[in-house]
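One structure below.
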Amino acid sequence: MDDERPELLTIGRLAHRTGLPVRTLRFWSDAGAVPPVARSASGYRLYDAGSVARVELVRTLRELGLGLDDVCRVLSGRTTVAEVADAHVAALDARIRSLRVSRAVLSTVAKRGSTAEETALMNRLARLSAAERSQIVDEFKEEVFGGLDVEPHLRDRMNTFGVELPDDPTPGQVDAWIELAELVRDPGFRARLRTWLELNTPAPGQGRPPGASVWWARQVVQTVTEVRERGVAPGSPEAAEVLSGLFGDDDRAAVLRSVEAGIEAGAERYRRLVARVRGQGSSPDATEELEWLARALRAADRSRPAGTRGVMAGGFGHPGGS
């Protein structure tokens, strides 16, 4: 009988040879991926050595994620493995990006202990299109930077300022974007940051305002870091010497207003989030250094004669205490 010829295999023997279940081989055969080369007198499917090789190819393509329709197109010569692989690479890349976003959202939810409503909001923020993300940033820029009386070159820098989430972001970048998007949509944050910018942005034809160097020159923070590591107290004579070295004859009240406005606005948090979204190496969080500086400035102001003390601007808290 044909099904007993040694060069032909029944589907059972093909299953034994390839290590695949008969059910799988029958399904592939019905789909046309592994058609029988003959039929026995009893009507049973028969396969040959070429069928074994074909099964191995089908198994490889299936393990790589190709559907049976694509497998059949490759085997029939209607397309090539390379062409199908290229299409699947693009599909896998999109899937990987989606999974990274999902992972970042779930990681943030776990860290925050978020409610269902917060989780839904974070998911929407994370999955915004590039145009939608750009709109959020543009609205933020207009409210915070718009109308500032600044030099043209600074205005150009502000207008080109962007916070772009890359097409293939890391989980850390997605997490930072979620937090940043929540922050820049907060009207209170926008108002506080605008106030801080007004205190620290030089007007046309004028020098840098007192205290602006705290935010635009990181060496100020580095100096305070070194002082704190030595255990210098904010109200000590050594701290007063540090202030003199940093600010000279600048208006200390104006410097304090700048520092307090930045702390109150959350400027340091904003700076770090932007760096994380951009994938840039962010310098350490300087919040504690800035609060030490504010305490030192307040202590120095209290130690001056009553008639020479600076007038503090109202409306800003003292996060660091005295």
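Letters A, B, ... go to the chains of the structure tokens in the order shown; residues in each chain start at 1; ligands are counted from 1 in the same order.
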Test item: residues at most 8 Å from Ala49 of chain A, only C-alpha atoms, excluding those fewer than 4 positions along its chain, as a VMD selection string: chain A and resid 7 to 8 53
Using only C-alpha atoms, which residues sit within 12 Å of Thr170 of chain A once same-chain residues fewer than 2 positions away are excluded, as a list in words? Ile96, Arg97, Ser98, Leu99, Arg100, Val101, Ser102, Arg103, Ala104, Val105, Ala126, Leu165, Pro166, Asp167, Asp168, Gly172, Gln173, Val174, Asp175, Ala176, Trp177, Arg276, Val277, Arg278 and Gly279 of chain A
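In this model, the gap between atom CA of Arg271 of chain A and atom CA of Pro284 of chain A comes to 10.8 Å.
Checking A:Ser114, A:Gly266, A:Ala41, A:Val224 one by one against Asp186 of chain A, counting only C-alpha atoms, you find the shortest gap at A:Gly266.
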Write out as an MDAnalysis selection string the residues lying within 10 Å of Leu14 of chain A, counting only C-alpha atoms and excluding same-chain residues fewer than 2 positions away. chainID A and resid 8:12 16:22 25 46:49 51:52 55
Exercise: Leu293 of chain A partners within 9 Å, only C-alpha atoms, chain neighbours under 6 positions left out, as a PDB file with C-alpha atoms, in the first residue's frame:
```
ATOM      1  CA  VAL A 221      24.490  75.209  43.823  1.00  0.00           C
ATOM      2  CA  VAL A 224      26.321  75.408  48.594  1.00  0.00           C
ATOM      3  CA  PRO A 234      22.726  78.626  57.478  1.00  0.00           C
ATOM      4  CA  ALA A 239      27.489  81.031  55.847  1.00  0.00           C
ATOM      5  CA  LEU A 243      26.803  84.662  50.695  1.00  0.00           C
ATOM      6  CA  LEU A 256      15.948  85.878  48.478  1.00  0.00           C
ATOM      7  CA  VAL A 259      15.272  81.813  45.536  1.00  0.00           C
TER       8      VAL A 259
END
```
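Within segment 7-115 of chain A, DSSP run on the backbone puts these residues in strand (DSSP E or B): Leu9, Thr10, Ala38, Arg39, Arg45, Leu46 and Tyr47 of chain A.
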Since we have the selection now, will you write its residues out, keeping N, CA, C and O atoms, as a PDB file, in the first residue's frame?
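Here's the written file out_3.pdb:
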```pdb
ATOM      1  N   LEU A   9       5.422   9.265   4.289  1.00  0.00           N
ATOM      2  CA  LEU A   9       5.105   9.315   5.725  1.00  0.00           C
ATOM      3  C   LEU A   9       3.635   9.616   5.913  1.00  0.00           C
ATOM      4  O   LEU A   9       3.080  10.502   5.265  1.00  0.00           O
ATOM      5  N   THR A  10       3.020   8.872   6.807  1.00  0.00           N
ATOM      6  CA  THR A  10       1.674   9.268   7.233  1.00  0.00           C
ATOM      7  C   THR A  10       1.797  10.489   8.124  1.00  0.00           C
ATOM      8  O   THR A  10       2.895  10.859   8.562  1.00  0.00           O
ATOM      9  N   ALA A  38       0.686  13.158  -1.547  1.00  0.00           N
ATOM     10  CA  ALA A  38      -0.127  12.085  -2.143  1.00  0.00           C
ATOM     11  C   ALA A  38      -1.168  11.652  -1.130  1.00  0.00           C
ATOM     12  O   ALA A  38      -1.185  12.117   0.023  1.00  0.00           O
ATOM     13  N   ARG A  39      -2.036  10.747  -1.605  1.00  0.00           N
ATOM     14  CA  ARG A  39      -3.031  10.147  -0.720  1.00  0.00           C
ATOM     15  C   ARG A  39      -2.906   8.631  -0.823  1.00  0.00           C
ATOM     16  O   ARG A  39      -2.623   8.081  -1.896  1.00  0.00           O
ATOM     17  N   ARG A  45      -3.502  11.184   4.193  1.00  0.00           N
ATOM     18  CA  ARG A  45      -2.485  12.090   3.667  1.00  0.00           C
ATOM     19  C   ARG A  45      -1.109  11.432   3.789  1.00  0.00           C
ATOM     20  O   ARG A  45      -0.803  10.816   4.809  1.00  0.00           O
ATOM     21  N   LEU A  46      -0.296  11.678   2.790  1.00  0.00           N
ATOM     22  CA  LEU A  46       1.066  11.155   2.784  1.00  0.00           C
ATOM     23  C   LEU A  46       2.047  12.300   2.511  1.00  0.00           C
ATOM     24  O   LEU A  46       1.758  13.214   1.733  1.00  0.00           O
ATOM     25  N   TYR A  47       3.193  12.217   3.164  1.00  0.00           N
ATOM     26  CA  TYR A  47       4.211  13.263   3.055  1.00  0.00           C
ATOM     27  C   TYR A  47       5.560  12.622   2.761  1.00  0.00           C
ATOM     28  O   TYR A  47       5.764  11.420   2.984  1.00  0.00           O
TER      29      TYR A  47
END
```
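In this comparison, which uses only C-alpha atoms, the residue of A:Val227, A:Leu180, A:Leu64, A:Ala131 approaching Tyr270 of chain A most closely is A:Leu180.
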Backbone-only DSSP, alpha helix (DSSP H) members of segment 75-308 of chain A, as a PyMOL selection string: chain A and resi 75+81-112+116-126+130-145+152-160+171-184+187-200+212-216+218-229+237-247+252-265+267-278+287-303
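Between atom CA of Cys72 of chain A and atom CA of Asp86 of chain A lies a distance of 16.6 Å.
Our summary of the geometry notes that atom CA of Ser258 of chain A is positioned 16.6 Å from atom CA of Gln219 of chain A.
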Residues near Val34 of chain A, cut-off 7 Å, only C-alpha atoms, skip fewer than 2 positions along chain, as a PyMOL selection string: chain A and resi 28-29+32+36+51+54-55
